[in-house]
$ cat target_37.txt   # compact mmCIF, C-alpha atoms and all ligand atoms
# COMPACT_ATOMS: atom_id res chain seq x y z
CA MET E 28 -23.15 44.69 10.35
CA ARG E 29 -23.27 48.40 9.46
CA ILE E 30 -19.74 49.83 9.58
CA LEU E 31 -18.69 53.47 9.35
CA VAL E 32 -15.14 53.68 8.01
CA THR E 33 -13.54 57.11 8.37
CA GLY E 34 -10.63 57.87 6.06
CA GLY E 35 -11.83 55.06 3.82
CA ALA E 36 -10.49 56.77 0.68
CA GLY E 37 -6.90 56.59 1.98
CA PHE E 38 -4.35 53.81 1.71
CA ILE E 39 -5.23 51.53 4.65
CA GLY E 40 -8.88 52.53 5.00
CA SER E 41 -9.60 51.75 1.35
CA HIS E 42 -8.00 48.32 1.70
CA PHE E 43 -10.23 47.68 4.71
CA VAL E 44 -13.32 48.78 2.73
CA ARG E 45 -12.49 46.71 -0.35
CA ALA E 46 -11.67 43.62 1.73
CA THR E 47 -14.81 44.01 3.86
CA LEU E 48 -17.16 44.43 0.90
CA ARG E 49 -15.54 41.48 -0.88
CA GLY E 50 -16.04 39.34 2.25
CA GLN E 51 -12.27 38.77 2.51
CA LEU E 52 -12.02 39.57 6.21
CA PRO E 53 -13.23 36.95 8.69
CA GLY E 54 -16.92 37.57 9.41
CA SER E 55 -17.21 40.53 7.02
CA ALA E 56 -19.54 38.90 4.46
CA GLY E 57 -22.81 40.82 4.13
CA SER E 58 -21.51 43.96 5.90
CA GLN E 59 -22.70 47.39 4.84
CA VAL E 60 -19.99 50.05 4.68
CA THR E 61 -20.33 53.82 4.82
CA VAL E 62 -17.11 55.74 4.13
CA LEU E 63 -16.71 59.23 5.62
CA ASP E 64 -13.77 61.01 4.02
CA LYS E 65 -12.78 64.63 3.43
CA LEU E 66 -10.76 63.70 0.34
CA THR E 67 -7.65 65.60 1.36
CA TYR E 68 -4.58 65.36 -0.91
CA SER E 69 -4.09 61.72 0.21
CA GLY E 70 -7.74 60.68 -0.11
CA ASN E 71 -8.63 59.31 -3.50
CA LEU E 72 -11.92 57.97 -4.83
CA ALA E 73 -9.97 55.85 -7.31
CA ASN E 74 -8.99 53.68 -4.30
CA LEU E 75 -12.66 52.82 -3.87
CA ALA E 76 -13.54 52.50 -7.56
CA PRO E 77 -13.28 48.67 -7.44
CA VAL E 78 -16.24 48.55 -5.02
CA ALA E 79 -18.15 51.64 -6.15
CA GLY E 80 -21.13 49.66 -7.43
CA VAL E 81 -21.27 47.06 -4.67
CA ASP E 82 -24.50 46.70 -2.68
CA GLY E 83 -24.19 48.09 0.82
CA TYR E 84 -21.48 50.65 -0.02
CA ARG E 85 -22.07 54.38 0.50
CA PHE E 86 -19.66 57.32 0.34
CA VAL E 87 -20.08 60.50 2.40
CA HIS E 88 -17.81 63.41 1.53
CA GLY E 89 -17.16 65.25 4.78
CA ASP E 90 -14.84 66.32 7.56
CA THR E 91 -14.54 64.38 10.82
CA CYS E 92 -14.27 67.76 12.61
CA ASP E 93 -17.77 68.80 11.43
CA PRO E 94 -20.21 67.70 14.17
CA GLU E 95 -23.31 67.79 11.90
CA VAL E 96 -21.74 65.70 9.14
CA VAL E 97 -20.35 63.28 11.71
CA ASP E 98 -23.67 62.98 13.52
CA ARG E 99 -25.49 62.07 10.31
CA ALA E 100 -22.78 59.58 9.29
CA VAL E 101 -22.66 57.83 12.66
CA ALA E 102 -26.45 57.58 13.08
CA GLY E 103 -27.62 54.02 12.40
CA GLN E 104 -24.14 52.45 12.41
CA ASP E 105 -23.28 49.39 14.49
CA VAL E 106 -19.54 50.07 14.63
CA VAL E 107 -16.97 52.72 13.67
CA VAL E 108 -13.48 51.95 12.36
CA HIS E 109 -11.56 55.22 12.52
CA PHE E 110 -8.67 55.64 10.07
CA ALA E 111 -9.09 59.33 9.09
CA ALA E 112 -5.99 61.30 10.01
CA GLU E 113 -3.26 63.54 8.72
CA THR E 114 -0.52 60.94 8.35
CA HIS E 115 2.68 62.31 6.84
CA VAL E 116 5.37 63.02 9.45
CA ASP E 117 7.23 65.54 7.26
CA ARG E 118 4.08 67.60 6.76
CA SER E 119 3.51 67.63 10.52
CA LEU E 120 6.89 69.35 10.93
CA VAL E 121 5.69 72.30 8.83
CA ALA E 122 1.90 72.38 9.47
CA ALA E 123 1.24 70.82 12.87
CA ASP E 124 -2.07 72.68 13.32
CA GLN E 125 -3.78 70.49 10.70
CA PHE E 126 -2.60 67.38 12.54
CA VAL E 127 -3.96 68.55 15.88
CA ARG E 128 -7.26 69.54 14.27
CA THR E 129 -7.94 66.34 12.35
CA ASN E 130 -6.24 63.78 14.56
CA VAL E 131 -7.39 65.10 17.94
CA LEU E 132 -10.55 67.18 17.35
CA GLY E 133 -11.78 64.90 14.55
CA THR E 134 -11.43 61.86 16.81
CA GLN E 135 -13.22 63.58 19.70
CA THR E 136 -16.07 64.63 17.40
CA LEU E 137 -16.50 61.01 16.29
CA LEU E 138 -16.29 59.64 19.83
CA GLU E 139 -19.01 62.05 20.95
CA ALA E 140 -21.31 60.98 18.10
CA ALA E 141 -20.55 57.30 18.73
CA LEU E 142 -21.59 57.75 22.35
CA ARG E 143 -24.78 59.63 21.38
CA HIS E 144 -25.79 56.98 18.86
CA ARG E 145 -24.77 54.06 21.10
CA VAL E 146 -22.50 52.37 18.56
CA ARG E 147 -21.51 48.90 19.70
CA ARG E 148 -17.76 49.28 19.07
CA PHE E 149 -15.30 52.03 18.09
CA VAL E 150 -11.93 50.85 16.75
CA HIS E 151 -9.37 53.64 16.76
CA VAL E 152 -6.47 52.93 14.38
CA SER E 153 -3.16 54.26 15.66
CA THR E 154 0.56 53.87 15.31
CA ASP E 155 3.74 52.63 17.03
CA GLU E 156 5.11 56.17 16.66
CA VAL E 157 3.23 57.28 19.80
CA TYR E 158 5.92 55.53 21.90
CA GLY E 159 8.86 57.54 20.55
CA SER E 160 12.02 55.57 19.81
CA ILE E 161 13.53 52.39 21.33
CA GLU E 162 17.16 51.24 20.95
CA HIS E 163 16.67 47.62 22.10
CA GLY E 164 13.70 45.36 22.88
CA SER E 165 10.05 46.10 22.07
CA TRP E 166 7.23 48.20 23.47
CA THR E 167 4.26 46.52 25.12
CA GLU E 168 0.77 48.00 25.24
CA GLN E 169 1.59 49.26 28.77
CA THR E 170 4.63 51.33 27.73
CA PRO E 171 4.11 55.06 28.45
CA LEU E 172 3.62 57.26 25.37
CA SER E 173 6.54 59.53 24.47
CA PRO E 174 6.01 60.92 20.95
CA ASN E 175 8.78 62.99 19.32
CA VAL E 176 7.12 64.62 16.30
CA PRO E 177 3.82 66.52 15.94
CA TYR E 178 2.19 63.69 13.93
CA ALA E 179 2.91 61.16 16.68
CA ALA E 180 1.93 63.63 19.43
CA ALA E 181 -1.44 64.28 17.77
CA LYS E 182 -2.02 60.52 17.34
CA ALA E 183 -1.09 59.99 21.02
CA GLY E 184 -3.63 62.66 21.96
CA SER E 185 -6.33 60.85 19.97
CA ASP E 186 -5.41 57.48 21.52
CA VAL E 187 -5.76 58.70 25.09
CA LEU E 188 -9.00 60.54 24.23
CA ALA E 189 -10.46 57.34 22.79
CA LEU E 190 -9.49 55.38 25.91
CA ALA E 191 -10.88 58.17 28.12
CA TYR E 192 -14.27 57.86 26.38
CA HIS E 193 -14.25 54.23 27.43
CA ARG E 194 -13.27 54.93 31.04
CA SER E 195 -15.45 58.03 31.50
CA PHE E 196 -18.57 57.07 29.57
CA GLY E 197 -18.35 53.33 28.96
CA LEU E 198 -18.04 53.65 25.17
CA ASP E 199 -16.79 50.33 23.75
CA VAL E 200 -13.41 51.44 22.40
CA CYS E 201 -10.40 49.43 21.18
CA VAL E 202 -7.15 51.07 20.06
CA THR E 203 -4.83 49.37 17.57
CA ARG E 204 -1.20 50.44 17.12
CA CYS E 205 0.66 49.10 14.12
CA THR E 206 4.07 49.28 12.48
CA ASN E 207 4.93 50.68 9.01
CA ASN E 208 2.42 49.57 6.39
CA TYR E 209 3.19 48.89 2.73
CA GLY E 210 1.16 47.62 -0.21
CA PRO E 211 -0.80 48.87 -3.23
CA TYR E 212 -2.65 52.22 -3.28
CA GLN E 213 -0.22 53.94 -0.87
CA PHE E 214 0.17 57.64 -1.61
CA PRO E 215 3.57 58.19 -3.28
CA GLU E 216 4.99 60.45 -0.56
CA LYS E 217 5.69 57.50 1.78
CA VAL E 218 9.02 55.79 1.34
CA ILE E 219 8.13 52.56 -0.48
CA PRO E 220 5.82 54.05 -3.14
CA LEU E 221 8.02 57.16 -3.42
CA PHE E 222 11.16 55.12 -4.08
CA VAL E 223 9.42 52.63 -6.36
CA THR E 224 7.70 55.25 -8.51
CA ASN E 225 10.91 57.29 -8.77
CA LEU E 226 12.99 54.23 -9.66
CA LEU E 227 10.47 53.04 -12.25
CA ASP E 228 10.99 56.42 -13.94
CA ALA E 229 14.79 56.22 -13.62
CA ARG E 230 14.71 59.10 -11.13
CA ARG E 231 16.86 59.44 -8.02
CA VAL E 232 15.74 58.58 -4.48
CA PRO E 233 16.63 60.42 -1.24
CA LEU E 234 17.89 58.52 1.81
CA TYR E 235 17.79 60.28 5.19
CA GLY E 236 20.89 60.65 7.39
CA ASP E 237 23.02 57.54 7.96
CA GLY E 238 20.15 55.27 6.85
CA ARG E 239 20.40 53.18 10.01
CA ASN E 240 16.92 53.98 11.35
CA ARG E 241 15.04 50.71 11.78
CA ARG E 242 11.36 49.94 11.11
CA ASP E 243 9.12 46.87 11.14
CA TRP E 244 7.20 46.35 7.89
CA LEU E 245 3.57 45.20 7.83
CA HIS E 246 1.58 44.39 4.71
CA VAL E 247 -1.67 46.38 4.61
CA ALA E 248 -3.69 43.16 4.18
CA ASP E 249 -2.23 41.73 7.40
CA HIS E 250 -2.92 45.02 9.17
CA CYS E 251 -6.58 44.96 8.09
CA ARG E 252 -6.92 41.32 9.20
CA GLY E 253 -5.61 42.36 12.61
CA ILE E 254 -8.06 45.27 12.81
CA GLN E 255 -10.92 42.91 11.92
CA LEU E 256 -9.91 40.52 14.73
CA VAL E 257 -9.94 43.42 17.18
CA LEU E 258 -13.27 44.67 15.81
CA GLN E 259 -14.83 41.25 16.33
CA ASP E 260 -13.22 39.92 19.49
CA GLY E 261 -11.00 42.57 21.12
CA ARG E 262 -11.73 43.50 24.71
CA ALA E 263 -13.28 46.92 25.30
CA GLY E 264 -10.86 49.53 26.63
CA GLU E 265 -7.79 47.61 25.44
CA VAL E 266 -4.88 48.49 23.16
CA TYR E 267 -3.63 45.88 20.65
CA HIS E 268 -0.35 45.93 18.74
CA ILE E 269 -0.26 44.75 15.11
CA GLY E 270 3.13 44.02 13.54
CA GLY E 271 4.56 42.53 10.38
CA GLY E 272 7.60 40.69 11.76
CA THR E 273 10.21 42.06 9.33
CA GLU E 274 12.55 44.65 10.80
CA LEU E 275 14.90 46.40 8.40
CA SER E 276 17.19 49.41 8.49
CA ASN E 277 16.39 52.05 5.89
CA ILE E 278 19.61 51.11 4.07
CA GLU E 279 18.47 47.47 3.92
CA LEU E 280 15.03 48.52 2.70
CA THR E 281 16.59 50.78 0.06
CA GLY E 282 18.75 47.85 -1.14
CA ARG E 283 15.65 45.67 -1.53
CA LEU E 284 13.82 48.40 -3.46
CA LEU E 285 16.77 49.08 -5.77
CA GLU E 286 17.03 45.38 -6.53
CA ALA E 287 13.28 45.00 -7.12
CA CYS E 288 13.32 47.93 -9.55
CA GLY E 289 16.56 46.96 -11.29
CA ALA E 290 18.48 50.07 -10.14
CA GLY E 291 21.86 50.58 -8.45
CA TRP E 292 23.16 52.60 -5.48
CA ASP E 293 24.13 55.41 -7.86
CA ALA E 294 20.40 56.30 -7.91
CA VAL E 295 20.51 57.17 -4.18
CA ASP E 296 21.03 60.73 -2.86
CA ARG E 297 22.08 60.96 0.79
CA VAL E 298 20.07 63.85 2.30
CA PRO E 299 20.27 65.48 5.77
CA ASP E 300 18.34 63.65 8.47
CA ARG E 301 14.78 64.64 9.36
CA GLN E 302 14.14 66.65 12.56
CA GLY E 303 13.16 64.38 15.46
CA HIS E 304 13.80 61.28 13.32
CA ASP E 305 13.12 58.28 15.59
CA ARG E 306 15.90 55.70 15.49
CA ARG E 307 13.95 52.50 15.93
CA TYR E 308 10.37 51.32 16.44
CA SER E 309 9.50 47.84 17.68
CA LEU E 310 6.19 46.45 18.91
CA ASP E 311 5.68 43.39 21.09
CA THR E 312 2.70 41.63 19.48
CA THR E 313 2.29 38.86 22.07
CA LYS E 314 -1.09 40.15 23.25
CA ILE E 315 -2.94 40.05 19.91
CA THR E 316 -1.30 36.72 19.06
CA ARG E 317 -2.36 35.09 22.33
CA GLU E 318 -5.80 36.66 22.67
CA LEU E 319 -6.99 36.84 19.07
CA GLY E 320 -4.76 34.41 17.18
CA TYR E 321 -3.23 37.14 14.97
CA ARG E 322 -0.21 36.28 12.83
CA PRO E 323 1.05 38.15 9.77
CA GLN E 324 0.49 35.94 6.72
CA ILE E 325 2.34 37.83 4.00
CA ASP E 326 6.06 37.17 3.65
CA PHE E 327 7.88 40.49 3.20
CA THR E 328 9.87 39.45 0.12
CA GLU E 329 6.74 38.24 -1.66
CA GLY E 330 4.64 41.17 -0.46
CA LEU E 331 7.25 43.66 -1.64
CA ALA E 332 7.58 41.99 -5.05
CA ALA E 333 3.79 42.08 -5.50
CA THR E 334 3.70 45.71 -4.38
CA VAL E 335 6.41 46.75 -6.85
CA ALA E 336 4.57 44.83 -9.60
CA TRP E 337 1.37 46.69 -8.70
CA TYR E 338 3.05 50.11 -9.07
CA ARG E 339 4.63 48.95 -12.33
CA GLU E 340 1.20 48.02 -13.68
CA ASN E 341 -0.77 50.97 -12.30
CA ARG E 342 0.93 54.11 -13.57
CA ALA E 343 -2.44 55.67 -14.33
CA TRP E 344 -3.16 55.55 -10.57
CA TRP E 345 0.06 57.12 -9.28
CA GLU E 346 1.26 59.52 -11.97
CA PRO E 347 -1.38 62.21 -11.19
CA LEU E 348 -0.79 61.74 -7.44
CA ARG E 349 2.92 62.37 -7.68
CA GLU E 350 2.21 65.87 -8.98
CA ARG E 351 -0.23 66.38 -6.08
CA ALA E 352 2.37 65.21 -3.56
CA THR E 353 5.05 67.65 -4.64
CA ALA E 354 2.64 70.55 -5.23
CA ARG E 355 1.31 70.46 -1.65
CA GLN E 356 4.47 69.79 0.29
CA ARG E 357 6.73 72.64 1.24
CA ARG E 358 9.67 70.31 1.95
CA PRO E 359 9.41 67.51 -0.62
CA GLU E 360 11.33 64.81 1.19
CA PRO E 361 10.50 61.20 1.89
CA THR E 362 9.39 59.74 5.17
CA PHE E 363 10.42 56.49 6.73
CA HIS E 364 8.01 57.12 9.66
N1 LIG E 401 0.55 54.14 6.72
C1 LIG E 401 1.13 53.62 7.78
O1 LIG E 401 2.20 53.01 7.70
C2 LIG E 401 0.48 53.75 9.14
C3 LIG E 401 1.16 53.21 10.23
C4 LIG E 401 0.57 53.30 11.49
C5 LIG E 401 -0.68 53.89 11.63
N2 LIG E 401 -1.32 54.43 10.55
C6 LIG E 401 -2.63 55.05 10.77
O2 LIG E 401 -3.56 54.46 9.89
C7 LIG E 401 -4.55 55.42 9.49
C8 LIG E 401 -4.64 55.45 7.98
O3 LIG E 401 -3.35 55.78 7.45
P1 LIG E 401 -3.11 55.84 5.86
O4 LIG E 401 -1.68 55.50 5.64
O5 LIG E 401 -4.16 55.07 5.16
O6 LIG E 401 -3.32 57.38 5.59
P2 LIG E 401 -3.71 58.18 4.25
O7 LIG E 401 -3.05 59.51 4.39
O8 LIG E 401 -3.43 57.35 3.04
O9 LIG E 401 -5.29 58.34 4.36
C9 LIG E 401 -5.90 59.23 5.28
C10 LIG E 401 -7.35 59.41 4.82
O10 LIG E 401 -8.02 60.25 5.80
C11 LIG E 401 -8.75 61.24 5.09
N3 LIG E 401 -8.86 62.43 5.96
C12 LIG E 401 -7.85 63.24 6.38
N4 LIG E 401 -8.37 64.22 7.14
C13 LIG E 401 -9.71 64.01 7.22
C14 LIG E 401 -10.77 64.68 7.87
N5 LIG E 401 -10.55 65.78 8.63
N6 LIG E 401 -12.03 64.20 7.74
C15 LIG E 401 -12.26 63.09 6.99
N7 LIG E 401 -11.29 62.42 6.34
C16 LIG E 401 -10.03 62.88 6.45
C17 LIG E 401 -7.95 61.52 3.83
O11 LIG E 401 -8.73 62.13 2.82
C18 LIG E 401 -7.49 60.11 3.47
O12 LIG E 401 -8.44 59.46 2.68
C19 LIG E 401 -4.12 56.74 10.12
O13 LIG E 401 -4.89 56.95 11.29
C20 LIG E 401 -2.66 56.53 10.45
O14 LIG E 401 -2.28 57.32 11.58
C21 LIG E 401 -0.76 54.38 9.31

$ encode --input "target_37.txt" --output "structure tokens" --more "lines below"
Ligand SMILES: NC(=O)c1ccc[n+]([C@@H]2O[C@H](COP(=O)([O-])OP(=O)(O)OC[C@H]3O[C@@H](n4cnc5c(N)ncnc54)[C@H](O)[C@@H]3O)[C@@H](O)[C@H]2O)c1
Amino acid sequence: MRILVTGGAGFIGSHFVRATLRGQLPGSAGSQVTVLDKLTYSGNLANLAPVAGVDGYRFVHGDTCDPEVVDRAVAGQDVVVHFAAETHVDRSLVAADQFVRTNVLGTQTLLEAALRHRVRRFVHVSTDEVYGSIEHGSWTEQTPLSPNVPYAAAKAGSDVLALAYHRSFGLDVCVTRCTNNYGPYQFPEKVIPLFVTNLLDARRVPLYGDGRNRRDWLHVADHCRGIQLVLQDGRAGEVYHIGGGTELSNIELTGRLLEACGAGWDAVDRVPDRQGHDRRYSLDTTKITRELGYRPQIDFTEGLAATVAWYRENRAWWEPLRERATARQRRPEPTFH
């Protein structure tokens, strides 16, 4: 299978590319992968270095909003797995225009090319944040979208566009919505790598508001397995939730990270809450479990320990990125999504 992976130099996309080329995802052996990535501040060719010489891998440096680049990249592909996006909520509060451009226009540009070149399937990777916030219970795939921050609003726009290309033109589209990912190679502006890299350097870590916001945590490898199931056997025009099964408040998560890094609560700065900070996200994952047999395989405690060990052992990967993260961000604060 010839797969175009957009945003394949980012955190989740690069995991998907490495796992696909190594034949670690069900049915992925022998696949050819083209990555289309603009290499923004969060895109990093080092994430793809482990597969750089593998047969069937090709990298295209380009913008998903550029119709000519996209047309050339999509031509000849069997399927598209679309990860490319602006992803950091805090940045969307100060530069929403970039989020609308990449997340909405970039997705529409890809959908148009996918239609023109008759790709067999387009998997659009999205987020639980499109639903807003939920105090009790869990969202199903039928819950109306109600995003609260520009990042989530732009993702919601791209989700409904992708589904509209299915309904209007018959393009074979599936949308996945997942919970908070963690794992190796995550850019150190997101909470787990930010806290871990700070704590490994005996620096302080900032905790938003009362710390009682709750998130479900999903290992990136489980997320990519879920995407692969949808790519292979999802039903066209459907949305699938992918979750990790471990819900924690930010205080609980911070406690786990302090313990894993051998630090105490005196390393934590309480900082004012983020604007529009959603209280709780929770996805009902019954549909993907019943239809596609998805279950998260990585236990959170083990996954977190392995992730912390990875950051401990890969300073050469994250030290240059930390400078990039603070240089580009006007409000250098963490995000808990
Ligand atoms: N990280 C999470 O917890 C999480 C949770 C839910 C959904 N998602 C979704 O998963 C996808 C991947 O997220 P991530 O955490 O890997 O993000 P990331 O920020 O690590 O990677 C994004 C990648 O997209 C590329 N990119 C950005 N703009 C581009 C453009 N205009 N053209 C081409 N490439 C461009 C970047 O260079 C980068 O390589 C996103 O669509 C995101 O909304 C992420």

$ residues_near_ligand --input "target_37.txt" --ligand "ligand LIG 401 (chain E)" --cutoff "8 Å" --atoms "all atoms listed in the file" --output "compact mmCIF listing (two decimals) with C-alpha atoms, in the coordinates of the input"
# COMPACT_ATOMS: atom_id res chain seq x y z
CA THR E 33 -13.54 57.11 8.37
CA GLY E 34 -10.63 57.87 6.06
CA GLY E 35 -11.83 55.06 3.82
CA ALA E 36 -10.49 56.77 0.68
CA GLY E 37 -6.90 56.59 1.98
CA PHE E 38 -4.35 53.81 1.71
CA ILE E 39 -5.23 51.53 4.65
CA GLY E 40 -8.88 52.53 5.00
CA SER E 41 -9.60 51.75 1.35
CA LEU E 63 -16.71 59.23 5.62
CA ASP E 64 -13.77 61.01 4.02
CA LYS E 65 -12.78 64.63 3.43
CA LEU E 66 -10.76 63.70 0.34
CA THR E 67 -7.65 65.60 1.36
CA TYR E 68 -4.58 65.36 -0.91
CA SER E 69 -4.09 61.72 0.21
CA GLY E 70 -7.74 60.68 -0.11
CA ASN E 71 -8.63 59.31 -3.50
CA HIS E 88 -17.81 63.41 1.53
CA GLY E 89 -17.16 65.25 4.78
CA ASP E 90 -14.84 66.32 7.56
CA THR E 91 -14.54 64.38 10.82
CA CYS E 92 -14.27 67.76 12.61
CA HIS E 109 -11.56 55.22 12.52
CA PHE E 110 -8.67 55.64 10.07
CA ALA E 111 -9.09 59.33 9.09
CA ALA E 112 -5.99 61.30 10.01
CA GLU E 113 -3.26 63.54 8.72
CA THR E 114 -0.52 60.94 8.35
CA HIS E 115 2.68 62.31 6.84
CA ARG E 128 -7.26 69.54 14.27
CA THR E 129 -7.94 66.34 12.35
CA ASN E 130 -6.24 63.78 14.56
CA GLY E 133 -11.78 64.90 14.55
CA HIS E 151 -9.37 53.64 16.76
CA VAL E 152 -6.47 52.93 14.38
CA SER E 153 -3.16 54.26 15.66
CA THR E 154 0.56 53.87 15.31
CA ASP E 155 3.74 52.63 17.03
CA GLU E 156 5.11 56.17 16.66
CA LYS E 182 -2.02 60.52 17.34
CA ARG E 204 -1.20 50.44 17.12
CA CYS E 205 0.66 49.10 14.12
CA THR E 206 4.07 49.28 12.48
CA ASN E 207 4.93 50.68 9.01
CA ASN E 208 2.42 49.57 6.39
CA TYR E 209 3.19 48.89 2.73
CA GLN E 213 -0.22 53.94 -0.87
CA PHE E 214 0.17 57.64 -1.61
CA LYS E 217 5.69 57.50 1.78
CA LEU E 245 3.57 45.20 7.83
CA HIS E 364 8.01 57.12 9.66

$ closest_residue --input "target_37.txt" --among "E:Gly289, E:Gly271, E:Pro174, E:Pro233" --to "Pro323 in chain E" --atoms "all atoms listed in the file"
E:Gly271

$ closest_residue --input "target_37.txt" --among "E:Arg45, E:His268, E:Arg306, E:Arg99" --to "Leu75 in chain E" --atoms "all atoms listed in the file"
E:Arg45

$ closest_residue --input "target_37.txt" --among "E:Phe149, E:Asn341, E:Ser165, E:Ala183" --to "Glu265 in chain E" --atoms "only C-alpha atoms"
E:Phe149

$ closest_atom_pairs --input "target_37.txt" --of "range 143-193 of chain E" --to "range 309-316 of chain E" --cutoff "8 Å" --atoms "only C-alpha atoms" --output "tab-separated table"
residue	atom	partner	partner_atom	distance
E:Asp155	CA	E:Leu310	CA	6.9
E:Ile161	CA	E:Ser309	CA	7.1
E:Gly164	CA	E:Ser309	CA	7.1
E:Ser165	CA	E:Ser309	CA	4.8
E:Trp166	CA	E:Leu310	CA	5.0
E:Thr167	CA	E:Asp311	CA	5.3
E:Glu168	CA	E:Asp311	CA	7.9

$ atom_distance --input "target_37.txt" --atom1 "CA of Thr134 in chain E" --atom2 "CA of Leu190 in chain E"
11.3 Å

$ residues_near_point --input "target_37.txt" --point "(-21.9, 60.5, 19.8)" --cutoff "10 Å" --atoms "all atoms listed in the file" --output "PyMOL selection string"
chain E and resi 94+97-98+101-102+135-146+198

$ closest_residue --input "target_37.txt" --among "E:Pro53, E:His246, E:Asp305, E:Ala181" --to "Ser160 in chain E" --atoms "only C-alpha atoms"
E:Asp305

$ axis_aligned_box --input "target_37.txt" --around "range 234-243 of chain E" --padding-each-side "4 Å" --output "AutoDock Vina command-line options"
--center_x 16.1 --center_y 53.8 --center_z 6.8 --size_x 21.9 --size_y 21.8 --size_z 18.0

$ closest_atom_pairs --input "target_37.txt" --of "range 254-330 of chain E" --to "range 120-125 of chain E" --cutoff "12 Å" --atoms "all atoms listed in the file" --output "JSON lines"
{"residue": "E:Arg301", "atom": "CA", "partner": "E:Leu120", "partner_atom": "CA", "distance": 9.3}
{"residue": "E:Gln302", "atom": "CA", "partner": "E:Leu120", "partner_atom": "CA", "distance": 7.9}
{"residue": "E:Gly303", "atom": "CA", "partner": "E:Leu120", "partner_atom": "CA", "distance": 9.2}
{"residue": "E:His304", "atom": "CA", "partner": "E:Leu120", "partner_atom": "CA", "distance": 10.9}

$ atom_distance --input "target_37.txt" --atom1 "CA of Gln259 in chain E" --atom2 "CA of Ala191 in chain E"
21.0 Å

$ closest_residue --input "target_37.txt" --among "E:Trp337, E:Trp345, E:Phe43, E:Phe86" --to "Leu221 in chain E" --atoms "all atoms listed in the file"
E:Trp345

$ residues_around --input "target_37.txt" --residues "range 279-287 of chain E" --least-positions-apart "6" --cutoff "8 Å" --atoms "only C-alpha atoms" --output "ChimeraX atom specification"
/E:219,222-223,226,332,335

$ residues_near_point --input "target_37.txt" --point "(0.6, 44.6, 2.6)" --cutoff "9 Å" --atoms "all atoms listed in the file" --output "JSON, numbers by chain"
{"E": [208, 209, 210, 211, 244, 245, 246, 247, 248, 249, 250, 271, 325, 327, 330, 331, 334]}

$ residues_around --input "target_37.txt" --residues "Ala100 in chain E" --least-positions-apart "5" --cutoff "8 Å" --atoms "only C-alpha atoms" --output "PyMOL selection string"
chain E and resi 31+61+63+87

$ closest_residue --input "target_37.txt" --among "E:Val108, E:Ile269, E:Val44, E:Val131" --to "Val187 in chain E" --atoms "all atoms listed in the file"
E:Val131

$ atom_distance --input "target_37.txt" --atom1 "CA of Arg342 in chain E" --atom2 "CA of Ala73 in chain E"
12.7 Å
